>>> print(open('entry-v2.txt').read())   # compact mmCIF, C-alpha atoms and all ligand atoms
# COMPACT_ATOMS: atom_id res chain seq x y z
CA MET T 259 0.00 0.00 0.00
CA ARG T 260 2.85 2.36 0.75
CA ARG T 261 3.88 2.10 -2.89
CA TRP T 262 0.50 3.26 -4.18
CA PRO T 263 1.24 7.03 -4.25
CA LEU T 264 4.37 6.43 -6.34
CA GLY T 265 2.47 4.01 -8.59
CA ALA T 266 -0.32 6.54 -9.00
CA ALA T 267 2.17 9.26 -9.84
CA LEU T 268 3.84 7.08 -12.44
CA ALA T 269 0.46 6.17 -13.88
CA VAL T 270 -0.42 9.85 -14.22
CA VAL T 271 2.93 10.60 -15.88
CA GLY T 272 2.52 7.61 -18.18
CA LEU T 273 -1.01 8.60 -19.08
CA GLY T 274 0.10 12.17 -19.77
CA TYR T 275 2.87 10.92 -22.01
CA MET T 276 0.55 8.64 -23.92
CA THR T 277 -2.15 11.23 -24.38
CA ALA T 278 0.32 13.79 -25.69
CA PHE T 279 1.76 11.48 -28.34
CA ARG T 280 -0.99 9.07 -29.34
CA PRO T 281 -2.22 9.75 -32.87
CA ARG T 282 -5.88 9.70 -31.85
CA SER T 283 -5.70 11.37 -28.45
CA GLN T 284 -8.10 14.34 -28.31
CA ILE T 285 -7.55 15.22 -24.66
CA PHE T 286 -5.70 18.48 -25.36
CA GLY T 287 -8.15 19.66 -28.01
CA PRO T 288 -9.20 18.58 -31.50
CA PHE T 289 -6.44 16.54 -33.11
CA PRO T 290 -7.91 15.37 -36.44
CA PHE T 291 -6.55 12.04 -37.60
CA GLU T 292 -9.08 11.33 -40.35
CA GLY T 293 -11.71 13.03 -42.42
CA GLY T 294 -15.41 12.39 -42.04
CA ALA T 295 -15.62 10.90 -45.50
CA VAL T 296 -18.14 8.20 -46.23
CA ASP T 297 -16.90 7.94 -49.80
CA PRO T 298 -13.68 6.00 -50.40
CA VAL T 299 -11.31 8.95 -50.37
CA ILE T 300 -8.06 9.25 -48.41
CA ALA T 301 -5.04 11.55 -48.03
CA LEU T 302 -1.44 10.43 -48.47
CA THR T 303 0.99 12.45 -46.35
CA PHE T 304 4.77 12.52 -46.29
CA ASP T 305 6.73 13.81 -43.29
CA ASP T 306 10.35 14.83 -42.63
CA GLY T 307 11.25 15.99 -46.14
CA PRO T 308 12.29 17.36 -48.45
CA ASN T 309 15.00 14.74 -48.81
CA GLU T 310 16.62 14.06 -52.14
CA PRO T 311 16.51 12.12 -54.34
CA TYR T 312 13.51 10.53 -52.62
CA THR T 313 11.11 13.46 -52.59
CA SER T 314 11.60 14.04 -56.31
CA ARG T 315 11.11 10.32 -56.99
CA LEU T 316 7.85 10.51 -55.08
CA LEU T 317 6.78 13.47 -57.16
CA THR T 318 7.27 11.35 -60.27
CA VAL T 319 5.33 8.41 -58.81
CA LEU T 320 2.46 10.70 -57.84
CA ALA T 321 2.45 12.61 -61.15
CA ASP T 322 2.39 9.37 -63.14
CA ARG T 323 -0.80 8.41 -61.31
CA ASN T 324 -2.30 11.91 -61.15
CA VAL T 325 -2.41 11.83 -57.33
CA GLN T 326 -2.11 14.89 -55.07
CA ALA T 327 -0.55 14.49 -51.63
CA THR T 328 0.39 16.55 -48.58
CA PHE T 329 4.01 17.08 -47.57
CA PHE T 330 4.73 18.07 -43.97
CA MET T 331 8.20 19.51 -44.34
CA VAL T 332 10.96 20.24 -41.85
CA GLY T 333 12.32 23.79 -42.16
CA ARG T 334 15.95 22.74 -41.93
CA CYS T 335 15.39 20.25 -44.78
CA ALA T 336 13.65 22.93 -46.82
CA GLU T 337 16.77 25.09 -46.50
CA ARG T 338 18.80 22.11 -47.76
CA TYR T 339 16.58 21.49 -50.81
CA PRO T 340 14.79 24.75 -51.63
CA ALA T 341 14.13 23.78 -55.26
CA THR T 342 12.27 20.67 -54.11
CA VAL T 343 9.97 22.73 -51.91
CA ARG T 344 9.02 24.79 -54.96
CA ASP T 345 8.61 21.64 -57.09
CA VAL T 346 6.18 20.16 -54.56
CA VAL T 347 4.01 23.27 -54.53
CA GLN T 348 4.16 23.78 -58.30
CA ALA T 349 3.04 20.18 -58.82
CA GLY T 350 -0.15 21.00 -56.90
CA HIS T 351 0.66 19.15 -53.70
CA VAL T 352 -0.01 20.77 -50.33
CA LEU T 353 2.82 22.02 -48.16
CA GLY T 354 2.42 21.72 -44.39
CA ASN T 355 4.75 22.70 -41.54
CA HIS T 356 6.53 19.96 -39.53
CA SER T 357 8.80 22.14 -37.34
CA TYR T 358 12.21 23.63 -38.05
CA SER T 359 14.67 21.15 -36.51
CA HIS T 360 12.51 18.14 -35.53
CA SER T 361 14.41 18.20 -32.23
CA PHE T 362 12.52 16.67 -29.34
CA THR T 363 14.11 18.80 -26.65
CA ARG T 364 12.83 21.95 -28.33
CA TYR T 365 9.29 20.80 -27.61
CA ALA T 366 9.73 20.44 -23.88
CA LYS T 367 8.70 23.99 -23.09
CA GLN T 368 8.09 27.48 -24.35
CA PRO T 369 9.37 29.54 -26.05
CA ARG T 370 11.58 27.23 -28.11
CA GLN T 371 8.77 25.21 -29.67
CA GLU T 372 7.17 28.46 -30.84
CA VAL T 373 10.41 29.37 -32.60
CA GLU T 374 10.32 25.95 -34.29
CA ILE T 375 6.92 26.74 -35.74
CA ILE T 376 7.49 30.37 -36.74
CA ARG T 377 10.94 29.90 -38.26
CA SER T 378 9.64 27.24 -40.64
CA GLN T 379 6.67 29.39 -41.61
CA GLU T 380 9.10 32.15 -42.59
CA ILE T 381 11.25 29.75 -44.62
CA PHE T 382 8.27 28.32 -46.50
CA TYR T 383 6.99 31.81 -47.25
CA SER T 384 10.35 33.01 -48.49
CA LEU T 385 10.69 29.98 -50.79
CA THR T 386 7.16 29.75 -52.16
CA GLY T 387 5.23 32.90 -51.26
CA ILE T 388 2.70 30.85 -49.31
CA THR T 389 2.21 30.33 -45.60
CA PRO T 390 1.01 26.89 -44.49
CA ALA T 391 -2.11 26.59 -42.36
CA LEU T 392 -1.49 22.92 -41.55
CA TYR T 393 0.94 21.73 -38.90
CA ARG T 394 1.90 18.20 -37.97
CA PRO T 395 3.98 18.17 -34.78
CA PRO T 396 7.08 15.94 -34.71
CA TRP T 397 6.20 12.63 -33.01
CA LEU T 398 2.62 13.92 -33.07
CA CYS T 399 3.55 15.63 -29.80
CA HIS T 400 0.59 17.83 -28.97
CA TRP T 401 1.27 19.19 -25.53
CA PRO T 402 -1.17 21.92 -24.47
CA TRP T 403 1.43 24.65 -25.12
CA VAL T 404 1.97 23.37 -28.64
CA MET T 405 -1.77 23.42 -29.28
CA SER T 406 -2.19 26.94 -27.92
CA THR T 407 0.76 28.23 -29.95
CA LEU T 408 -0.71 26.73 -33.12
CA ARG T 409 -4.03 28.43 -32.43
CA GLN T 410 -2.27 31.75 -31.87
CA HIS T 411 -0.59 31.48 -35.26
CA GLY T 412 -3.66 30.33 -37.14
CA LEU T 413 -2.38 26.81 -37.73
CA GLN T 414 -4.50 23.66 -37.78
CA VAL T 415 -2.87 20.66 -36.13
CA VAL T 416 -3.08 17.41 -38.13
CA SER T 417 -2.56 13.83 -36.97
CA GLY T 418 -3.00 10.67 -39.03
CA THR T 419 -2.44 6.92 -39.17
CA PHE T 420 1.09 5.55 -39.45
CA ALA T 421 1.26 3.49 -42.63
CA HIS T 422 3.38 0.91 -40.80
CA PRO T 423 4.64 1.10 -37.19
CA LEU T 424 8.26 0.65 -38.35
CA GLU T 425 8.11 2.57 -41.63
CA ILE T 426 10.71 5.03 -40.37
CA PHE T 427 13.20 2.11 -40.25
CA GLN T 428 12.44 1.03 -43.82
CA PRO T 429 11.08 -2.52 -43.79
CA ALA T 430 10.45 -4.00 -47.24
CA ALA T 431 8.21 -1.96 -49.52
CA THR T 432 5.75 -4.84 -49.85
CA LYS T 433 5.26 -4.81 -46.08
CA LEU T 434 4.60 -1.07 -46.16
CA THR T 435 2.11 -1.41 -49.00
CA ASP T 436 0.30 -4.29 -47.28
CA SER T 437 0.10 -2.49 -43.95
CA ALA T 438 -1.09 0.81 -45.43
CA ALA T 439 -3.73 -0.93 -47.55
CA ARG T 440 -4.94 -2.88 -44.53
CA LEU T 441 -5.27 0.28 -42.41
CA THR T 442 -7.08 2.31 -45.05
CA ARG T 443 -10.72 3.25 -44.50
CA PRO T 444 -12.75 6.09 -46.04
CA GLY T 445 -11.24 9.32 -44.67
CA THR T 446 -7.91 7.85 -43.56
CA ILE T 447 -4.90 10.17 -43.43
CA LEU T 448 -1.90 7.89 -44.05
CA ILE T 449 1.52 8.91 -42.70
CA PHE T 450 4.67 8.03 -44.65
CA HIS T 451 8.15 9.56 -44.37
CA ASP T 452 10.25 10.85 -47.27
CA GLY T 453 12.98 11.76 -44.77
CA ARG T 454 13.94 10.95 -41.22
CA GLU T 455 13.59 13.81 -38.76
CA ALA T 456 15.97 16.51 -40.06
CA ARG T 457 18.66 14.01 -41.10
CA GLY T 458 17.45 12.73 -44.45
CA GLY T 459 18.76 9.26 -45.26
CA PRO T 460 17.58 6.44 -47.55
CA ARG T 461 13.83 6.15 -48.15
CA ASP T 462 13.86 3.64 -51.00
CA GLN T 463 11.28 1.33 -49.44
CA SER T 464 8.80 4.09 -48.70
CA VAL T 465 9.07 5.45 -52.24
CA ALA T 466 8.73 1.95 -53.71
CA ALA T 467 5.61 1.29 -51.63
CA ILE T 468 3.59 4.20 -52.95
CA GLY T 469 2.95 3.22 -56.57
CA PRO T 470 1.65 -0.27 -55.70
CA LEU T 471 -0.39 1.19 -52.84
CA ILE T 472 -2.09 3.71 -55.13
CA GLU T 473 -2.83 0.99 -57.63
CA ARG T 474 -4.21 -1.41 -55.03
CA LEU T 475 -6.44 1.23 -53.43
CA THR T 476 -7.59 2.51 -56.82
CA ASP T 477 -8.68 -1.04 -57.60
CA ARG T 478 -10.73 -0.95 -54.38
CA GLY T 479 -12.42 2.24 -55.60
CA TYR T 480 -10.41 4.77 -53.59
CA ARG T 481 -9.60 8.32 -54.66
CA PHE T 482 -6.79 10.46 -53.26
CA THR T 483 -6.96 14.01 -52.03
CA THR T 484 -5.04 16.44 -49.83
CA VAL T 485 -5.49 16.87 -46.09
CA ASP T 486 -7.14 20.29 -46.37
CA GLN T 487 -9.70 18.93 -48.83
CA LEU T 488 -10.35 15.87 -46.71
CA LEU T 489 -10.90 17.96 -43.56
CA GLY T 490 -12.71 20.78 -45.38
CA ILE T 491 -10.28 23.48 -44.24
CA SER T 492 -7.78 25.87 -45.85
CA ALA T 493 -4.32 24.64 -46.74
CA TYR T 494 -2.74 28.09 -46.54
CA ARG T 495 -3.06 31.28 -44.58
CA ILE T 496 -4.09 34.28 -46.62
ZN ZN T 501 8.50 13.77 -38.32
>>> encode(input="entry-v2.txt", output="structure tokens")
Amino acid sequence: MRRWPLGAALAVVGLGYMTAFRPRSQIFGPFPFEGGAVDPVIALTFDDGPNEPYTSRLLTVLADRNVQATFFMVGRCAERYPATVRDVVQAGHVLGNHSYSHSFTRYAKQPRQEVEIIRSQEIFYSLTGITPALYRPPWLCHWPWVMSTLRQHGLQVVSGTFAHPLEIFQPAATKLTDSAARLTRPGTILIFHDGREARGGPRDQSVAAIGPLIERLTDRGYRFTTVDQLLGISAYRI
């Protein structure tokens, strides 16, 4: 019995941790992870880019199949590949903000996480002339102070469904395709990665999974749209 207060404290900490990172946790405010679609329509999303040559390969895969997607980019990666940021927007895909450095410690408290958000907004605007209205927090970390900062800056937080729990570590493309297809329902927002945090690195399996996934879902009657369209909100701030 004497251990109960410590156990309770740990439980509270554990619960807080889980609720702040779980893709479907709504405890700190609306955290949309899917659209309300009844029709078979979904959104493909790609985090942690741009990262070459993988982002450009994805653009080719998507263009060949006339599919629009949403790219949640890291500001530091955008500085590394500015032409790719412009290519993504010019191809009609949606650009969302995914922090500046993707550094976990910068999310622990204010004001550093606010700098992460604002600095990337400035980079995206300077490169493309547009200011994203969509934000996906790194690790889907939606602490209350992150949520309030996003509201202050007119940004809509976006969650989703991980296409495969280990996709970041690049299991075989067939596994990624199978998992993503299995998880897809009308309104699903699928999360893939065309980079890894702010480090880049090989994404061959993720890129190779997308074409077969589009074809398989198309055969099941699915259409593809962008997150803003799926949620019925604006992609960019005016
Ligand atoms: Zn990320």
>>> residues_around(input="entry-v2.txt", residues="segment 386-400 of chain T", least_positions_apart="2", cutoff="8 Å", atoms="all atoms listed in the file", output="ChimeraX atom specification")
/T:278-281,286,330,343-344,347,353-357,360,362,379-380,382-384,402-405,408,412-417,455,486,492-496
>>> closest_residue(input="entry-v2.txt", among="T:Gly479, T:Pro288, T:Gly294, T:Gly453", to="ligand ZN 501 (chain T)", atoms="all atoms listed in the file")
T:Gly453
>>> closest_residue(input="entry-v2.txt", among="T:Phe420, T:Phe427, T:Tyr339, T:Tyr358", to="Leu385 of chain T", atoms="all atoms listed in the file")
T:Tyr339
>>> closest_residue(input="entry-v2.txt", among="T:Ala456, T:Leu434, T:Val346, T:Val465", to="ligand ZN 501 (chain T)", atoms="only C-alpha atoms and all ligand atoms")
T:Ala456
>>> atom_distance(input="entry-v2.txt", atom1="atom CA of Gly293 of chain T", atom2="atom CA of Gly418 of chain T")
9.6 Å
>>> atom_distance(input="entry-v2.txt", atom1="atom CA of Arg461 of chain T", atom2="atom CA of Glu374 of chain T")
24.4 Å
>>> closest_residue(input="entry-v2.txt", among="T:Arg454, T:Arg443, T:Arg478, T:His411", to="ligand ZN 501 (chain T)", atoms="only C-alpha atoms and all ligand atoms")
T:Arg454
>>> closest_residue(input="entry-v2.txt", among="T:Val352, T:Leu264, T:Leu471, T:Leu424", to="Arg323 of chain T", atoms="all atoms listed in the file")
T:Leu471
>>> atom_distance(input="entry-v2.txt", atom1="atom CA of Pro290 of chain T", atom2="atom CA of Ile447 of chain T")
9.2 Å
>>> closest_residue(input="entry-v2.txt", among="T:Ser359, T:Thr407, T:Ser378, T:Thr442", to="ligand ZN 501 (chain T)", atoms="all atoms listed in the file")
T:Ser359
>>> residues_around(input="entry-v2.txt", residues="Gln428 of chain T", least_positions_apart="6", cutoff="10 Å", atoms="all atoms listed in the file", output="short mmCIF file (atom, residue, chain, number, x, y, z; two decimals) with C-alpha atoms, in the coordinates of the input")
data_model
loop_
_atom_site.label_atom_id
_atom_site.label_comp_id
_atom_site.auth_asym_id
_atom_site.auth_seq_id
_atom_site.Cartn_x
_atom_site.Cartn_y
_atom_site.Cartn_z
CA HIS T 422 3.38 0.91 -40.80
CA LEU T 434 4.60 -1.07 -46.16
CA HIS T 451 8.15 9.56 -44.37
CA PRO T 460 17.58 6.44 -47.55
CA ARG T 461 13.83 6.15 -48.15
CA ASP T 462 13.86 3.64 -51.00
CA GLN T 463 11.28 1.33 -49.44
CA SER T 464 8.80 4.09 -48.70
#
>>> axis_aligned_box(input="entry-v2.txt", around="segment 404-422 of chain T", padding_each_side="3 Å", output="JSON")
{"center_x": -0.6, "center_y": 16.3, "center_z": -35.3, "size_x": 13.9, "size_y": 36.8, "size_z": 20.7}
>>> residues_around(input="entry-v2.txt", residues="Pro311 of chain T", least_positions_apart="2", cutoff="12 Å", atoms="all atoms listed in the file", output="list of chain:residue names")
T:Gly307, T:Pro308, T:Asn309, T:Thr313, T:Ser314, T:Arg315, T:Leu316, T:Leu317, T:Thr318, T:Tyr339, T:Ala341, T:Thr342, T:Asp452, T:Gly453, T:Gly458, T:Gly459, T:Pro460, T:Arg461, T:Asp462, T:Val465
>>> residues_around(input="entry-v2.txt", residues="Gln326 of chain T", least_positions_apart="2", cutoff="9 Å", atoms="all atoms listed in the file", output="VMD selection string")
chain T and resid 301 to 302 320 to 321 324 328 349 to 352 482 to 484
